[in-house]
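Here the structure comes first, spelled out in structure tokens, and everything after it is commentary.
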Amino acid sequence: MDTSYLIIIFSLSVLISYVFDLLSSRYKTPSVILLLASGMLIRQGTNYFAFQLPYVDTILPTLGTLGLILIILEGALELELTNEKLGIIRRAFWASLSSILITSLLMAALFYVLMEASFFKCLVAAMPFAVISSAVAVPGARNLSSGSREFIVYESSMSDILGVMIFNFLVYNASGGLFSVLSFAKDTLIMVVISLICCFFLLYLISKISHHIKFLPIISVLFLVYAVSRIYQLSPLLLILVFGLFLNNTELFIRGRLDQIFKNDLFEKELDQFKNLTAEGAFIVRTFFFLLFGYASDVQAIIEPDALIVSAFLLLILYTVRAGVLRLALPGDLNPIVFIAPRGLVTVLLYLSIPDNLKLVGFRDGILTAVVLLTALVMMAGVISYREDVPTDFTGPPGGP
């Protein structure tokens, strides 16, 4: 294909995604639905002209990984660690962890009943569907009250990280046992130490680099450490989360003489620039990921009765567990938070990462796309039904009226 056509396709894709994002803000329609639908339409067009995009199966996981890094970093750069926030952070952590564990176990039990496979394989297959996607949830919550939006940011970011960590633990420690648990705890501790060292190093670079190109090398270092950590089967998303939190809350970690070493007079302005660069990078990667995922999806496989029935059962488990967990974790009215539990980039990425020896034979591929679309539609319905005049306060005791 001519280079000019590739540039036209790339530019049009970004512009269309931008329009979708504007429409999403105004009409409360998740842009992921529009991107997936566009990808499916492109697939029908290329089929008509007997042309197929090459290397989609190879590009998709790579885009998903890059998107995951940028989205977690984008979310972490928005989180503030203050005494006033400890309550909502604690609630978001326990809500995300409880939802992942209970949902994955119930979904695994469903797969175990429906398919002839070991419960462990069923659990590995269920884990991707138990994780909320911050790539979809955070943009979907932009029109909510500040308290609801803040909870969604914390919960979905923690869900991404906890889900990936638990998934990696299951895949890389299939033998189980106490040794696997201890090894996982050791690797996590090592990753925390590495993350703190990288944070000080990268913060020093931000304060000392005077070259006009500053942030891309820093993001490249994050990608590099992430990739190396994955090779050694560590938990590299911890690095991304810790770095984002560290950078946005330097007043908690950098004091006294350290403040003179690691910060300069332009730090706040440079931090805003870094946030903008991260947000725009995440937007571009998210755009092409969902377009390609829609292109790779088989429409016929999505509407198969078996796939739709299983997807309906998965959604029933998902929202039933979510309603129960949030009722215990949060005070007040749960609408529309209970409906904001979309599956997206992380779900797809983890599902594609399941090793061949742990995959469920006969599992319908259409289930994955159907769950992503249906949870986005449920989120849209919940956001549309939201009334801004209902106050949201998560400072009271959970389980309140």
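Ligands are numbered from 1 in the order shown, chains are lettered A, B, ... in the order of the structure tokens, and residues start at 1 in each chain.
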
Inset, instruction - Excluding stretch 43-48 of chain A and residues on its chain fewer than 2 positions from it, collect all residues at most 12 Å away from it, counting only C-alpha atoms, and give them as a VMD selection string. - result: chain A and resid 36 to 41 50 to 54 56 291 to 300

Inset, instruction - Could you give me, as an MDAnalysis selection string, the residues within 12 Å of A:Phe246, counting only C-alpha atoms and dropping anything in the same chain fewer than 2 positions from it? - result: chainID A and resid 73 76:81 195:203 238:244 248:254 271

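Among the candidate residues A:Lys121, A:Lys214, A:Arg142, A:Lys85, the one lying nearest to A:Ser25 is A:Arg142, with distances computed using only C-alpha atoms.
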
Inset, instruction - Mind checking which residues fall within 9 Å of A:Tyr112, counting only C-alpha atoms, ignoring those fewer than 5 positions away in the same chain, and posting them as a VMD selection string? - result: chain A and resid 107 117 to 119 121 to 123

Could you save those same residues with C-alpha atoms as a short mmCIF file (atom, residue, chain, number, x, y, z; two decimals), in the first residue's frame?
```cif
data_model
loop_
_atom_site.label_atom_id
_atom_site.label_comp_id
_atom_site.auth_asym_id
_atom_site.auth_seq_id
_atom_site.Cartn_x
_atom_site.Cartn_y
_atom_site.Cartn_z
CA MET A 107 -17.43 -17.31 36.39
CA ALA A 117 -11.94 -28.72 31.65
CA SER A 118 -10.11 -28.44 34.96
CA PHE A 119 -11.26 -25.75 37.38
CA LYS A 121 -8.14 -23.64 33.41
CA CYS A 122 -11.63 -22.27 33.93
CA LEU A 123 -10.29 -19.83 36.52
#
```

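Of the residues under consideration (A:Thr287, A:Ser229, A:Ser156, A:Thr375), A:Thr287 shows the shortest atom-to-atom contact distance to A:Leu34 when counting only C-alpha atoms.
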
Inset, instruction - Mind giving me the straight-line distance from atom CA of A:Ile317 to atom CA of A:Ser146 in Å, one decimal? - result: 28.2 Å

Legend entry - Residue nearest A:Gly140 - candidates A:Leu63, A:Val14, A:Ala185, A:Val32, atoms counted: only C-alpha atoms: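 Counting only C-alpha atoms, the residue closest to A:Gly140 is A:Val32.
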
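Atom CA of A:Ile166 is positioned 9.7 Å from atom CA of A:Ser235.
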
Legend entry - Counting only C-alpha atoms, the residue of A:Ala126, A:Ile354, A:Ala227, A:Leu314 that sits nearest A:Asn168: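 Checking each candidate against A:Asn168, we get A:Ile354 as the closest.
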
Inset, instruction - Point out the residue among A:Pro236, A:Pro305, A:Gly332, A:Pro355 with the least atom-to-atom distance to A:Thr65, counting only C-alpha atoms. - result: A:Pro236

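Residue nearest A:Leu68, chosen from A:Ile219, A:Glu304, A:Ser134, A:Leu224 and counting only C-alpha atoms: A:Ser134.
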
Legend entry - Who sits within 10 Å of A:Ile340, only C-alpha atoms, same chain under 5 positions skipped, as a list in words: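 Residues near the query, excluding close chain neighbours: Ile132, Ser133, Val136, Ala137, Val138, Gly140, Ala141, Ile152, Ser156, Tyr319, Arg322, Asn335, Thr375, Ala376, Leu377, Val378, Met379, Met380, Ala381, Gly382 and Val383 of chain A.
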
Legend entry - Atomic separation - atom CA of A:Leu205 relative to atom CA of A:Val221, Å: 10.8 Å

Inset, instruction - Would you please give, as an NGL selection string, all residues of stretch 126-364 of chain A that DSSP assigns to helix (DSSP H, G or I) based on the backbone? - result: :A and (126-130 or 134-140 or 146-172 or 178-208 or 215-231 or 237-248 or 250-253 or 257-262 or 267-296 or 299-302 or 305-329 or 337-339 or 345-352 or 356-358)
